[in-house]
Structures are given as structure tokens and as C-alpha cells.
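**Q** Structure file my_file_8.txt (compact mmCIF, C-alpha atoms and all ligand atoms) is given on the next line.
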# COMPACT_ATOMS: atom_id res chain seq x y z
CA MET A 145 95.74 -73.57 -22.89
CA LYS A 146 93.40 -73.68 -19.90
CA ILE A 147 89.65 -73.39 -20.61
CA ALA A 148 87.03 -72.39 -18.00
CA PHE A 149 83.90 -74.22 -19.13
CA PHE A 150 80.61 -72.78 -17.78
CA SER A 151 77.04 -74.19 -17.53
CA THR A 152 78.42 -77.73 -17.76
CA GLN A 153 75.93 -80.57 -18.12
CA SER A 154 76.97 -84.23 -17.87
CA TYR A 155 76.71 -84.66 -21.65
CA ASP A 156 78.91 -81.58 -22.29
CA LYS A 157 81.61 -83.06 -20.09
CA SER A 158 81.54 -86.47 -21.73
CA PHE A 159 81.57 -85.14 -25.33
CA PHE A 160 84.25 -82.51 -24.67
CA GLU A 161 86.48 -84.88 -22.66
CA ASP A 162 86.21 -87.41 -25.43
CA HIS A 163 87.11 -85.00 -28.23
CA ASN A 164 89.74 -83.17 -26.15
CA ARG A 165 91.94 -86.28 -26.45
CA ASP A 166 92.88 -84.90 -29.89
CA PHE A 167 93.57 -81.40 -28.55
CA ASP A 168 94.92 -81.87 -25.02
CA PHE A 169 93.60 -78.64 -23.52
CA ALA A 170 93.24 -78.33 -19.73
CA ILE A 171 89.50 -77.91 -19.10
CA ASP A 172 87.95 -76.82 -15.79
CA PHE A 173 84.25 -77.74 -15.88
CA PHE A 174 81.90 -75.56 -13.82
CA GLU A 175 78.19 -76.34 -13.48
CA VAL A 176 77.30 -72.71 -12.73
CA PRO A 177 76.56 -70.28 -15.56
CA LEU A 178 78.99 -67.46 -16.31
CA THR A 179 77.68 -64.31 -14.58
CA GLU A 180 79.07 -61.29 -12.73
CA GLN A 181 79.05 -63.50 -9.60
CA THR A 182 80.90 -66.50 -11.09
CA VAL A 183 83.36 -64.77 -13.42
CA ASN A 184 86.23 -65.13 -10.91
CA LEU A 185 86.18 -68.90 -11.48
CA ALA A 186 87.86 -68.16 -14.81
CA ALA A 187 91.00 -66.83 -13.05
CA GLY A 188 94.05 -68.55 -14.52
CA ALA A 189 92.23 -69.62 -17.70
CA GLN A 190 93.05 -68.25 -21.16
CA ALA A 191 89.65 -69.13 -22.63
CA VAL A 192 86.05 -69.39 -21.47
CA CYS A 193 83.59 -71.76 -23.10
CA VAL A 194 79.93 -70.72 -22.77
CA PHE A 195 76.42 -71.69 -23.91
CA VAL A 196 73.13 -69.97 -24.80
CA ASN A 197 72.13 -68.65 -21.37
CA ASP A 198 75.54 -67.59 -20.00
CA ARG A 199 75.62 -63.85 -19.42
CA VAL A 200 78.59 -62.46 -21.34
CA ASN A 201 77.90 -58.77 -20.75
CA ALA A 202 80.23 -55.76 -20.54
CA VAL A 203 80.97 -56.23 -16.80
CA VAL A 204 81.78 -59.92 -17.24
CA LEU A 205 83.96 -59.24 -20.29
CA GLU A 206 85.90 -56.52 -18.47
CA LYS A 207 86.60 -58.92 -15.59
CA LEU A 208 87.53 -61.74 -17.95
CA ALA A 209 90.01 -59.53 -19.78
CA ALA A 210 91.49 -58.27 -16.48
CA GLN A 211 91.97 -61.89 -15.36
CA GLY A 212 93.92 -62.73 -18.51
CA VAL A 213 91.23 -64.53 -20.49
CA ALA A 214 92.05 -64.03 -24.18
CA ILE A 215 89.10 -65.59 -26.05
CA VAL A 216 85.39 -66.38 -25.59
CA ALA A 217 84.27 -69.63 -27.24
CA LEU A 218 80.52 -70.11 -27.65
CA ARG A 219 79.51 -73.76 -28.01
CA CYS A 220 76.34 -72.73 -29.87
CA ALA A 221 75.36 -70.77 -32.98
CA GLY A 222 73.46 -67.85 -31.42
CA PHE A 223 75.40 -65.00 -29.84
CA ASN A 224 72.62 -62.70 -28.59
CA ASN A 225 73.91 -63.22 -25.00
CA VAL A 226 77.33 -61.68 -25.77
CA ASP A 227 78.07 -57.93 -25.78
CA LEU A 228 80.18 -58.02 -28.93
CA ALA A 229 81.08 -54.32 -28.79
CA ALA A 230 82.44 -54.76 -25.25
CA ALA A 231 84.38 -57.86 -26.33
CA ALA A 232 85.94 -55.87 -29.17
CA ARG A 233 86.88 -53.05 -26.75
CA HIS A 234 88.81 -55.58 -24.67
CA SER A 235 90.29 -57.20 -27.81
CA LEU A 236 88.59 -60.47 -26.89
CA PRO A 237 87.75 -62.54 -29.97
CA VAL A 238 84.39 -64.35 -29.81
CA VAL A 239 84.07 -67.62 -31.71
CA ARG A 240 81.04 -69.87 -32.17
CA VAL A 241 79.74 -73.01 -33.87
CA PRO A 242 77.85 -71.50 -36.81
CA ALA A 243 76.00 -74.65 -37.85
CA TYR A 244 75.61 -78.09 -36.36
CA SER A 245 73.24 -80.71 -37.68
CA PRO A 246 70.24 -78.84 -39.08
CA HIS A 247 68.69 -82.32 -39.18
CA ALA A 248 68.64 -82.46 -35.37
CA VAL A 249 66.34 -79.42 -35.04
CA ALA A 250 64.23 -80.12 -38.16
CA GLU A 251 63.60 -83.70 -37.03
CA HIS A 252 62.66 -82.50 -33.55
CA ALA A 253 60.09 -80.13 -35.08
CA VAL A 254 58.64 -83.11 -36.96
CA ALA A 255 58.61 -85.18 -33.76
CA MET A 256 56.62 -82.45 -31.99
CA MET A 257 54.17 -82.24 -34.86
CA LEU A 258 53.62 -86.01 -34.95
CA THR A 259 53.26 -86.24 -31.17
CA LEU A 260 50.65 -83.46 -31.06
CA ASN A 261 48.78 -84.96 -33.99
CA ARG A 262 48.79 -88.68 -33.07
CA LYS A 263 49.04 -88.13 -29.27
CA THR A 264 51.63 -90.84 -28.75
CA HIS A 265 52.61 -89.20 -25.42
CA LYS A 266 49.08 -89.80 -24.14
CA ALA A 267 48.89 -93.31 -25.59
CA TYR A 268 52.16 -94.23 -23.84
CA ASN A 269 50.78 -93.24 -20.42
CA ARG A 270 47.38 -94.77 -21.07
CA ILE A 271 48.72 -98.18 -22.04
CA ARG A 272 50.87 -98.28 -18.89
CA GLU A 273 47.62 -98.03 -16.92
CA GLN A 274 45.99 -100.79 -18.99
CA ASN A 275 43.69 -98.26 -20.62
CA PHE A 276 43.43 -99.50 -24.20
CA SER A 277 40.69 -97.07 -25.26
CA LEU A 278 41.26 -94.87 -28.33
CA ALA A 279 38.85 -92.10 -27.29
CA GLY A 280 40.55 -88.72 -27.46
CA LEU A 281 43.52 -89.94 -29.54
CA LEU A 282 42.05 -89.07 -32.97
CA GLY A 283 44.56 -87.48 -35.33
CA PHE A 284 44.65 -86.57 -39.02
CA ASP A 285 46.62 -87.72 -42.09
CA LEU A 286 49.50 -85.39 -42.79
CA PHE A 287 49.48 -86.58 -46.39
CA GLY A 288 47.86 -83.89 -48.54
CA LYS A 289 47.82 -81.27 -45.74
CA THR A 290 49.36 -77.82 -46.11
CA VAL A 291 52.46 -77.22 -44.02
CA ALA A 292 53.93 -73.72 -43.92
CA VAL A 293 57.46 -72.76 -42.95
CA VAL A 294 58.80 -69.34 -41.93
CA GLY A 295 62.56 -69.22 -42.58
CA THR A 296 64.06 -71.61 -45.10
CA GLY A 297 67.71 -71.47 -44.01
CA ASN A 298 69.71 -74.53 -42.92
CA ILE A 299 67.01 -75.97 -40.63
CA GLY A 300 63.91 -74.76 -42.52
CA GLN A 301 65.18 -76.34 -45.76
CA VAL A 302 65.60 -79.74 -44.12
CA PHE A 303 62.14 -79.42 -42.53
CA CYS A 304 60.57 -78.55 -45.93
CA ARG A 305 62.12 -81.62 -47.57
CA ILE A 306 60.90 -83.93 -44.80
CA MET A 307 57.37 -82.52 -45.20
CA LEU A 308 57.53 -82.99 -48.98
CA GLY A 309 58.44 -86.61 -48.23
CA PHE A 310 55.23 -86.93 -46.17
CA GLY A 311 53.25 -85.85 -49.26
CA CYS A 312 52.36 -82.43 -47.84
CA ARG A 313 51.82 -79.24 -49.80
CA VAL A 314 54.66 -77.04 -48.50
CA LEU A 315 54.39 -73.24 -48.42
CA ALA A 316 57.21 -70.96 -47.30
CA TYR A 317 57.96 -67.39 -46.38
CA ASP A 318 61.51 -66.05 -46.20
CA VAL A 319 63.23 -62.76 -46.98
CA ALA A 320 65.56 -64.78 -49.25
CA GLU A 321 64.04 -67.54 -51.41
CA GLN A 322 65.88 -70.79 -52.28
CA ASP A 323 65.67 -71.88 -55.92
CA ALA A 324 66.49 -75.50 -55.07
CA LEU A 325 63.49 -75.64 -52.73
CA LYS A 326 61.21 -74.14 -55.38
CA GLN A 327 62.37 -76.83 -57.80
CA ALA A 328 61.60 -79.45 -55.16
CA GLY A 329 58.01 -78.16 -54.98
CA VAL A 330 58.00 -75.59 -52.17
CA ILE A 331 55.77 -72.58 -52.93
CA TYR A 332 57.00 -69.22 -51.60
CA MET A 333 54.49 -66.50 -50.74
CA PRO A 334 54.12 -63.52 -48.37
CA LEU A 335 53.42 -64.34 -44.72
CA ASP A 336 49.96 -62.83 -44.89
CA ALA A 337 48.96 -65.13 -47.77
CA LEU A 338 50.45 -68.24 -46.17
CA LEU A 339 48.83 -67.97 -42.72
CA PRO A 340 45.19 -68.73 -43.70
CA GLN A 341 46.24 -71.79 -45.73
CA ALA A 342 48.45 -73.61 -43.25
CA ASP A 343 47.27 -76.68 -41.35
CA VAL A 344 50.66 -76.64 -39.63
CA LEU A 345 52.98 -73.64 -39.27
CA SER A 346 56.62 -74.21 -38.26
CA LEU A 347 58.98 -71.35 -37.37
CA HIS A 348 62.65 -71.55 -38.45
CA CYS A 349 63.73 -67.91 -38.73
CA PRO A 350 66.11 -66.11 -36.33
CA LEU A 351 64.91 -63.77 -33.60
CA ASN A 352 65.63 -60.17 -34.54
CA GLU A 353 63.86 -56.80 -34.56
CA HIS A 354 61.79 -57.85 -37.60
CA THR A 355 60.70 -61.23 -36.24
CA LYS A 356 60.08 -60.43 -32.53
CA TYR A 357 56.45 -61.45 -31.76
CA LEU A 358 55.93 -62.52 -35.38
CA ILE A 359 53.13 -64.61 -33.89
CA ASN A 360 50.79 -62.11 -32.22
CA ASP A 361 47.04 -61.39 -31.97
CA LYS A 362 46.92 -60.23 -35.60
CA THR A 363 48.86 -63.07 -37.21
CA LEU A 364 47.08 -65.66 -35.06
CA ALA A 365 43.73 -64.29 -36.23
CA ARG A 366 44.91 -64.79 -39.85
CA MET A 367 45.67 -68.47 -39.16
CA LYS A 368 43.26 -71.21 -40.13
CA PRO A 369 41.03 -72.24 -37.19
CA GLY A 370 42.38 -75.41 -35.61
CA ALA A 371 45.88 -75.06 -37.11
CA MET A 372 48.98 -76.33 -35.31
CA LEU A 373 51.92 -74.04 -34.49
CA ILE A 374 55.46 -75.36 -33.93
CA ASN A 375 58.35 -73.22 -32.66
CA THR A 376 61.83 -74.74 -32.39
CA SER A 377 63.57 -71.45 -33.17
CA ARG A 378 63.52 -68.79 -30.42
CA GLY A 379 60.86 -68.07 -27.80
CA GLY A 380 60.66 -64.37 -28.65
CA LEU A 381 59.11 -65.15 -32.05
CA ILE A 382 55.85 -65.79 -30.20
CA ASP A 383 53.85 -63.42 -28.00
CA THR A 384 52.96 -66.01 -25.36
CA ARG A 385 49.98 -63.98 -24.06
CA SER A 386 48.39 -63.96 -27.53
CA VAL A 387 49.00 -67.67 -27.99
CA ILE A 388 47.37 -68.45 -24.63
CA GLN A 389 44.30 -66.45 -25.69
CA ALA A 390 44.16 -68.28 -29.04
CA LEU A 391 44.41 -71.64 -27.26
CA LYS A 392 41.70 -70.67 -24.75
CA SER A 393 39.31 -69.63 -27.51
CA GLY A 394 40.05 -72.85 -29.42
CA HIS A 395 41.21 -70.92 -32.52
CA LEU A 396 44.71 -72.39 -32.26
CA GLY A 397 44.39 -76.17 -32.49
CA ALA A 398 47.74 -77.23 -31.03
CA LEU A 399 51.08 -75.74 -29.98
CA GLY A 400 54.51 -77.34 -29.83
CA VAL A 401 57.39 -75.27 -28.45
CA ASP A 402 61.01 -76.21 -27.82
CA VAL A 403 61.86 -72.62 -26.89
CA TYR A 404 60.25 -70.10 -24.56
CA GLU A 405 60.83 -66.39 -24.18
CA GLN A 406 61.63 -66.67 -20.45
CA GLU A 407 63.49 -69.97 -20.74
CA GLU A 408 66.70 -68.58 -19.21
CA SER A 409 65.41 -69.08 -15.66
CA LEU A 410 63.88 -72.51 -16.33
CA PHE A 411 65.50 -74.61 -19.02
CA PHE A 412 68.52 -76.92 -18.63
CA ARG A 413 67.90 -77.48 -14.91
CA ASP A 414 65.89 -79.79 -12.68
CA LEU A 415 63.33 -77.65 -10.85
CA SER A 416 61.14 -80.55 -9.76
CA ASP A 417 61.61 -79.62 -6.05
CA HIS A 418 60.96 -75.91 -6.64
CA ILE A 419 57.89 -73.71 -7.00
CA VAL A 420 57.87 -72.37 -10.56
CA THR A 421 56.73 -68.75 -10.39
CA ASP A 422 56.40 -68.24 -14.16
CA ASP A 423 52.60 -68.27 -14.54
CA MET A 424 52.67 -68.18 -18.32
CA ILE A 425 54.56 -71.44 -18.78
CA MET A 426 52.37 -73.05 -16.10
CA ARG A 427 49.26 -71.94 -18.05
CA LEU A 428 50.74 -73.30 -21.29
CA MET A 429 51.47 -76.61 -19.57
CA SER A 430 47.84 -76.89 -18.50
CA PHE A 431 46.50 -77.22 -22.07
CA PRO A 432 46.06 -80.79 -23.30
CA ASN A 433 46.99 -79.71 -26.85
CA VAL A 434 50.32 -78.09 -25.91
CA LEU A 435 53.66 -79.89 -25.98
CA ILE A 436 56.71 -78.23 -24.43
CA THR A 437 60.28 -79.50 -24.64
CA ALA A 438 63.16 -77.68 -22.96
CA HIS A 439 65.37 -76.55 -25.88
CA GLN A 440 66.38 -80.05 -26.91
CA GLY A 441 66.12 -79.61 -30.68
CA PHE A 442 69.92 -79.60 -31.00
CA PHE A 443 70.36 -82.58 -28.69
CA THR A 444 71.62 -85.42 -30.88
CA GLN A 445 74.91 -87.32 -30.83
CA GLU A 446 75.83 -85.89 -34.23
CA ALA A 447 75.19 -82.30 -33.15
CA LEU A 448 77.09 -82.68 -29.85
CA THR A 449 80.02 -84.23 -31.74
CA GLN A 450 80.13 -81.29 -34.15
CA ILE A 451 79.79 -78.78 -31.30
CA ALA A 452 82.75 -80.29 -29.41
CA GLN A 453 84.95 -80.65 -32.50
CA VAL A 454 84.27 -77.16 -33.85
CA THR A 455 84.60 -75.43 -30.45
CA LEU A 456 87.93 -77.12 -29.68
CA GLY A 457 89.06 -76.50 -33.29
CA ASN A 458 88.24 -72.79 -32.89
CA LEU A 459 90.43 -72.66 -29.76
CA LYS A 460 93.24 -74.58 -31.46
CA ALA A 461 93.23 -72.09 -34.36
CA PHE A 462 93.52 -69.30 -31.78
CA THR A 463 96.50 -70.88 -29.98
CA GLU A 464 98.24 -71.40 -33.33
CA GLY A 465 97.60 -67.82 -34.46
CA LYS A 466 95.55 -69.02 -37.42
CA PRO A 467 92.56 -67.05 -38.85
CA LEU A 468 89.41 -67.44 -36.75
CA THR A 469 86.93 -68.46 -39.44
CA ASN A 470 84.11 -68.80 -36.91
CA ALA A 471 84.62 -65.44 -35.24
CA VAL A 472 81.59 -63.22 -34.64
CA ARG A 473 82.08 -59.49 -35.02
CA PRO A 474 79.97 -56.59 -33.68
CA ASN A 475 78.43 -55.69 -37.06
CA LYS A 476 77.44 -59.29 -37.92
P1 LIG A 501 69.75 -69.86 -40.92
O1 LIG A 501 70.43 -68.54 -40.70
O2 LIG A 501 70.41 -70.89 -41.78
O3 LIG A 501 68.27 -69.59 -41.53
C1 LIG A 501 67.42 -68.60 -41.09
C2 LIG A 501 66.50 -68.22 -42.25
O4 LIG A 501 65.58 -67.25 -41.77
C3 LIG A 501 67.25 -67.60 -43.43
O5 LIG A 501 66.85 -68.21 -44.64
C4 LIG A 501 66.82 -66.14 -43.40
O6 LIG A 501 66.76 -65.53 -44.68
C5 LIG A 501 65.44 -66.26 -42.77
N1 LIG A 501 64.98 -64.99 -42.22
C6 LIG A 501 65.72 -64.02 -41.65
N2 LIG A 501 64.93 -62.99 -41.29
C7 LIG A 501 63.67 -63.33 -41.66
C8 LIG A 501 62.43 -62.68 -41.57
N3 LIG A 501 62.33 -61.44 -41.06
N4 LIG A 501 61.33 -63.31 -42.05
C9 LIG A 501 61.43 -64.55 -42.60
N5 LIG A 501 62.60 -65.22 -42.70
C10 LIG A 501 63.71 -64.62 -42.25
O7 LIG A 501 69.45 -70.43 -39.47
P2 LIG A 501 69.20 -71.94 -39.06
O8 LIG A 501 70.50 -72.61 -38.80
O9 LIG A 501 68.24 -72.56 -40.02
O10 LIG A 501 68.48 -71.74 -37.65
C11 LIG A 501 67.18 -71.18 -37.54
C12 LIG A 501 66.90 -70.87 -36.10
O11 LIG A 501 66.80 -72.09 -35.36
C13 LIG A 501 68.04 -70.11 -35.39
O12 LIG A 501 67.86 -68.74 -35.56
C14 LIG A 501 67.89 -70.52 -33.96
O13 LIG A 501 67.11 -69.53 -33.33
C15 LIG A 501 67.12 -71.83 -34.01
N6 LIG A 501 67.88 -72.95 -33.45
C16 LIG A 501 67.25 -73.71 -32.49
C17 LIG A 501 67.89 -74.80 -31.94
C18 LIG A 501 67.20 -75.67 -30.93
O14 LIG A 501 67.87 -76.46 -30.27
N7 LIG A 501 65.89 -75.59 -30.78
C19 LIG A 501 69.28 -75.13 -32.31
C20 LIG A 501 69.82 -74.31 -33.38
C21 LIG A 501 69.13 -73.24 -33.90
Write out the structure in this file as C-alpha cells.
**A**
Amino acid sequence: MKIAFFSTQSYDKSFFEDHNRDFDFAIDFFEVPLTEQTVNLAAGAQAVCVFVNDRVNAVVLEKLAAQGVAIVALRCAGFNNVDLAAAARHSLPVVRVPAYSPHAVAEHAVAMMLTLNRKTHKAYNRIREQNFSLAGLLGFDLFGKTVAVVGTGNIGQVFCRIMLGFGCRVLAYDVAEQDALKQAGVIYMPLDALLPQADVLSLHCPLNEHTKYLINDKTLARMKPGAMLINTSRGGLIDTRSVIQALKSGHLGALGVDVYEQEESLFFRDLSDHIVTDDMIMRLMSFPNVLITAHQGFFTQEALTQIAQVTLGNLKAFTEGKPLTNAVRPNK
């Protein structure tokens, strides 16, 4: 089987080439994303392999099907960039990697929290300039603080347990509560009750119609003054305009984001020679108490290994006519 692989980064190529030794597929790596303009690159391939910001819309799917592509393999968990109804119309199965190292994302959320609190990013730069002063680096003990989590699925659960290990009081809000977490000491409560208590709030729920702009003027006003907000989930959970206002007024104490609502036109590329026209991310970057990373929560060796193995395994199952256990369907 020939696979047209879009949005290739150097690390994708090395992990997939390595794991493909066990599968022996022919893979054409393209750096460009899959769009209406690049879809013809898939001519002659039976599969396309895509990532979070590839545009797998109805037009692209129609062209893929006409060119003889028989399956779409997502090398990520989310599938909001795929028109599943259109894929079904063209009888194109869509497979994904439903879970890969929840530890990778949970640990990144912790890293953001610790960096913002203890300002190790500033200390690193200071020391390089022989500035050994501690002024401005004051943090707080996490031990005994209240950390709140929205969404206690695969990633949220791991995050809760790490925070319990720090000696924090851990509060959670989720539409489905986990008994094992309650036994471990996590206290579930409604969002409204949790917001005023949290010293740190970390978001681990999916983006959907119920969670879009979960963090807005109203919920920010409910938060404890000076609290820290961490988002490693999806940019759309936060109304960026509201967060900028809360940072300007000093009500929000610190913000760490690995995701951004308009990240599609920014993340995963080097724009250091370009003029960035997105004024909101530039404003966010200007705050000394804001830390932005470019969707790197998943980026560990273990997660990339799982992504490569599961994606190639999904395609192998397809070539062998076996059930596609990781298929996504329109109603899912
Ligand atoms: P999951 O599906 O295991 O857990 C999500 C949890 O959110 C579930 O417990 C669910 O009941 C809860 N939830 C759903 N709707 C809710 C609502 N309205 N209010 C409160 N809770 C709600 O997902 P997982 O694997 O833990 O991933 C969480 C999110 O992390 C994903 O949706 C994805 O957006 C993000 N993610 C980010 C990555 C990164 O690199 N930064 C990598 C992988 C995932």
C-alpha cells in the first residue's frame, strides 16, 4: 500500500520510517498540509495520513476518493478537522489514534504550572547574563494549595494524581465522575462551586458545543483573584478576549496555554522571518505572566512511538480486511 503523508515534520518522518520497517508500506512524505490545493499529491496512493490541522473537508474527500484513495488515517486523537459525513458518502473509512500517552499531556500541564510559578524560564535567561538577583522570581508552595481540574478523562486523571502527589487539595468537575479518583482523594463539585476555590485551574475536557468558551467573562469573574489558568486541551475552551481583559486587570494571576483558538495558521511552523498578523496572540505574548507553547503536550518519545505504531497498525488492519477498531464514524 502507498501512503501519502501530509504535514510532515522531521520527527514524523523519523518515527514513521523507523516503525514502518515492521510494516513495509511505501510512504510519500509531503511537508505541505492536505488542502484543496495539495490534494492531487495523493494521486496513486491508497491511503492518506493526516494530522490535526490538515483540512479533510467534503471537497478534499471527493477528490481523494476520485483519485483512488481508500482510507484516511489520522495520526492524532481529535477528528474535528474531518467531514465524517462526506467520508461516509464516499465509503472512505477514517481511522485515528484514540489515546497515546496521557502522561505526556498531563506532565506538560504540570511543567507549565511549575514554570509560571517558579519562573525558571526567566531564571535561565537571567543567569546567562550573569544576573544572579532573585527579585521578581518569587513563587508559592504548591503543597496545600487547591488545584481544580475540568475533565477527568485519560489526561485529567493522570494530572489529578500528580497534583495529589504534590500534596495539593484536588477539586474536579466532569459530566462523568470517576470513583477511583474519589477514593484517591479528589473532590468532585459543580464548576460554579469549584471556580472560587482554585489556586490553579487546569482544563482537560474536549472542545464541543457545551465547552466552547467555558472560560469567559462570567467564569473568569468567579475565579479567585490571582489564580493561574492552564489549558493544554483545545484553544476554543477559552475566550481569548476575556482572558486578555482578566490579565490586564490583574484578576487572572497567570496563564499557561499549549493550545490557541487560531493556532491553525501559526503552530507547527517557523514564522520567525514573518510578520505575525494575529494581534491576540501577540498581546498574550506581551504579558510577563503568560507562557505559550505551540501544541507540544503530546510531544514525547513514548507518544510518538504509539502514534506511529497505532497508525500503521490501523492501515495494516485495513489492507488485511480486518475490523477497524479505531474507526471514527459520523455519529461518534
Ligand atoms: P478523554 O475523552 O479521556 O476525557 C475527557 C473528559 O472530559 C471525560 O471525562 C469527559 O466526561 C469530560 N467532559 C466531556 N464533556 C465535558 C463537559 N461539558 N464538562 C466537563 N467535562 C466534560 O480525553 P483525554 O484523552 O483526557 O483528552 C482531553 C483533551 O486533551 C482532548 O479533548 C484534547 O483536546 C486534548 N489533547 C491535547 C493534546 C496536546 O498535545 N496538547 C494531545 C491530546 C489531547
**Q** Counting all atoms listed in the file, what are the residues, protein, DNA or RNA alike, that approach ligand LIG 501 (chain A) to within 7 Å? I want them as a PyMOL selection string.
**A** chain A and resi 221-222+243+246+249+294-300+317-320+348-351+354-355+376-378+402-403+439-443
**Q** Return the single residue from A:Thr264, A:Asn224, A:Asn375, A:Ser154 that is closest to Thr437 of chain A, with distances computed using all atoms listed in the file.
**A**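 Checking each candidate against Thr437 of chain A, we get A:Asn375 as the closest.
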**Q** Give me, as a JSON list (two decimals) with C-alpha atoms, in the frame of the given file, all polymer residues having an atom no more than 12 Å from Pro242 of chain A, counting all atoms listed in the file and skipping those fewer than 6 positions away in the same chain.
**A**
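Below you can see around10.json, which holds the result:
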[["chain", "number", "residue", "atom", "x", "y", "z"],
["A", 217, "ALA", "CA", 84.27, -69.63, -27.24],
["A", 218, "LEU", "CA", 80.52, -70.11, -27.65],
["A", 219, "ARG", "CA", 79.51, -73.76, -28.01],
["A", 220, "CYS", "CA", 76.34, -72.73, -29.87],
["A", 221, "ALA", "CA", 75.36, -70.77, -32.98],
["A", 222, "GLY", "CA", 73.46, -67.85, -31.42],
["A", 223, "PHE", "CA", 75.40, -65.00, -29.84],
["A", 298, "ASN", "CA", 69.71, -74.53, -42.92],
["A", 447, "ALA", "CA", 75.19, -82.30, -33.15],
["A", 450, "GLN", "CA", 80.13, -81.29, -34.15],
["A", 451, "ILE", "CA", 79.79, -78.78, -31.30],
["A", 454, "VAL", "CA", 84.27, -77.16, -33.85],
["A", 455, "THR", "CA", 84.60, -75.43, -30.45],
["A", 458, "ASN", "CA", 88.24, -72.79, -32.89],
["A", 469, "THR", "CA", 86.93, -68.46, -39.44],
["A", 470, "ASN", "CA", 84.11, -68.80, -36.91],
["A", 471, "ALA", "CA", 84.62, -65.44, -35.24],
["A", 472, "VAL", "CA", 81.59, -63.22, -34.64]]
**Q** Go through A:Arg473, A:His265, A:Arg427, A:Arg272 one by one, measure the shortest atom-to-atom distance of each to Thr384 of chain A using all atoms listed in the file, and give the residue with the smallest value.
**A**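 Of A:Arg473, A:His265, A:Arg427, A:Arg272, the one nearest Thr384 of chain A, counting all atoms listed in the file, is A:Arg427.
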**Q** Which value, in Å to one decimal, gives the distance between atom CA of Arg240 of chain A and atom CA of Gly457 of chain A?
**A** 10.5 Å
**Q** Figure out the distance between atom CA of Ile306 of chain A and atom CA of Ile374 of chain A, please, to one decimal in Å.
**A**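 Rounded to one decimal, the two atoms are 14.9 Å apart.
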**Q** If I put a ball of radius 9 Å at (45.2, -70.7, -39.2) in the file's coordinates, which residues poke into it when counting only C-alpha atoms, written as number ranges by chain?
**A** A: 339-345, 363-373, 395-397
**Q** Just to confirm, what's the straight-line distance from atom CA of Gln445 of chain A to atom CA of Glu175 of chain A in Å (one decimal)?
**A**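 Straight-line distance from atom CA of Gln445 of chain A to atom CA of Glu175 of chain A works out to 20.8 Å.
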**Q** Give me, as a tab-separated table, each residue of segment 400-429 of chain A that comes within 10 Å of segment 386-393 of chain A, together with its shortest interatomic pair and the distance in Å at one decimal, counting all atoms listed in the file, with rows ordered by chain and rising residue number.
**A**
residue	atom	partner	partner_atom	distance
A:Met424	CA	A:Ile388	CA	8.2
A:Ile425	CA	A:Ile388	CA	9.7
A:Arg427	CA	A:Ile388	CA	7.7
A:Leu428	CA	A:Ile388	CA	6.8
**Q** Go through A:Asp172, A:Gln153, A:Asn201, A:Ile436 and flag the residue nearest Asp227 of chain A, using only C-alpha atoms for the distances.
**A** A:Asn201
**Q** Place a sphere of radius 6 Å on (49.9, -80.4, -43.5) in the file coordinates and name every protein, DNA or RNA residue with an atom inside or on its surface, counting only C-alpha atoms; give the answer as a ChimeraX atom specification.
**A** /A:286,289-291,312,343-344
**Q** Excluding Val183 of chain A and its own-chain neighbours fewer than 3 positions away, which residues fall within 8 Å of it when counting all atoms listed in the file? Please give them as a PDB file with C-alpha atoms, in the coordinates of the input.
**A**
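Done, and the output landed in selection.pdb:
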ATOM      1  CA  LEU A 178      78.990 -67.460 -16.310  1.00  0.00           C
ATOM      2  CA  THR A 179      77.680 -64.310 -14.580  1.00  0.00           C
ATOM      3  CA  GLU A 180      79.070 -61.290 -12.730  1.00  0.00           C
ATOM      4  CA  ALA A 186      87.860 -68.160 -14.810  1.00  0.00           C
ATOM      5  CA  ALA A 187      91.000 -66.830 -13.050  1.00  0.00           C
ATOM      6  CA  VAL A 204      81.780 -59.920 -17.240  1.00  0.00           C
ATOM      7  CA  LYS A 207      86.600 -58.920 -15.590  1.00  0.00           C
ATOM      8  CA  LEU A 208      87.530 -61.740 -17.950  1.00  0.00           C
TER       9      LEU A 208
END
**Q** Restricting the calculation to only C-alpha atoms: of A:Met145, A:Ile331, A:Ala170, A:Ala398, which residue gets closest to Val213 of chain A?
**A**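 Under the stated criterion, the closest residue is A:Met145.
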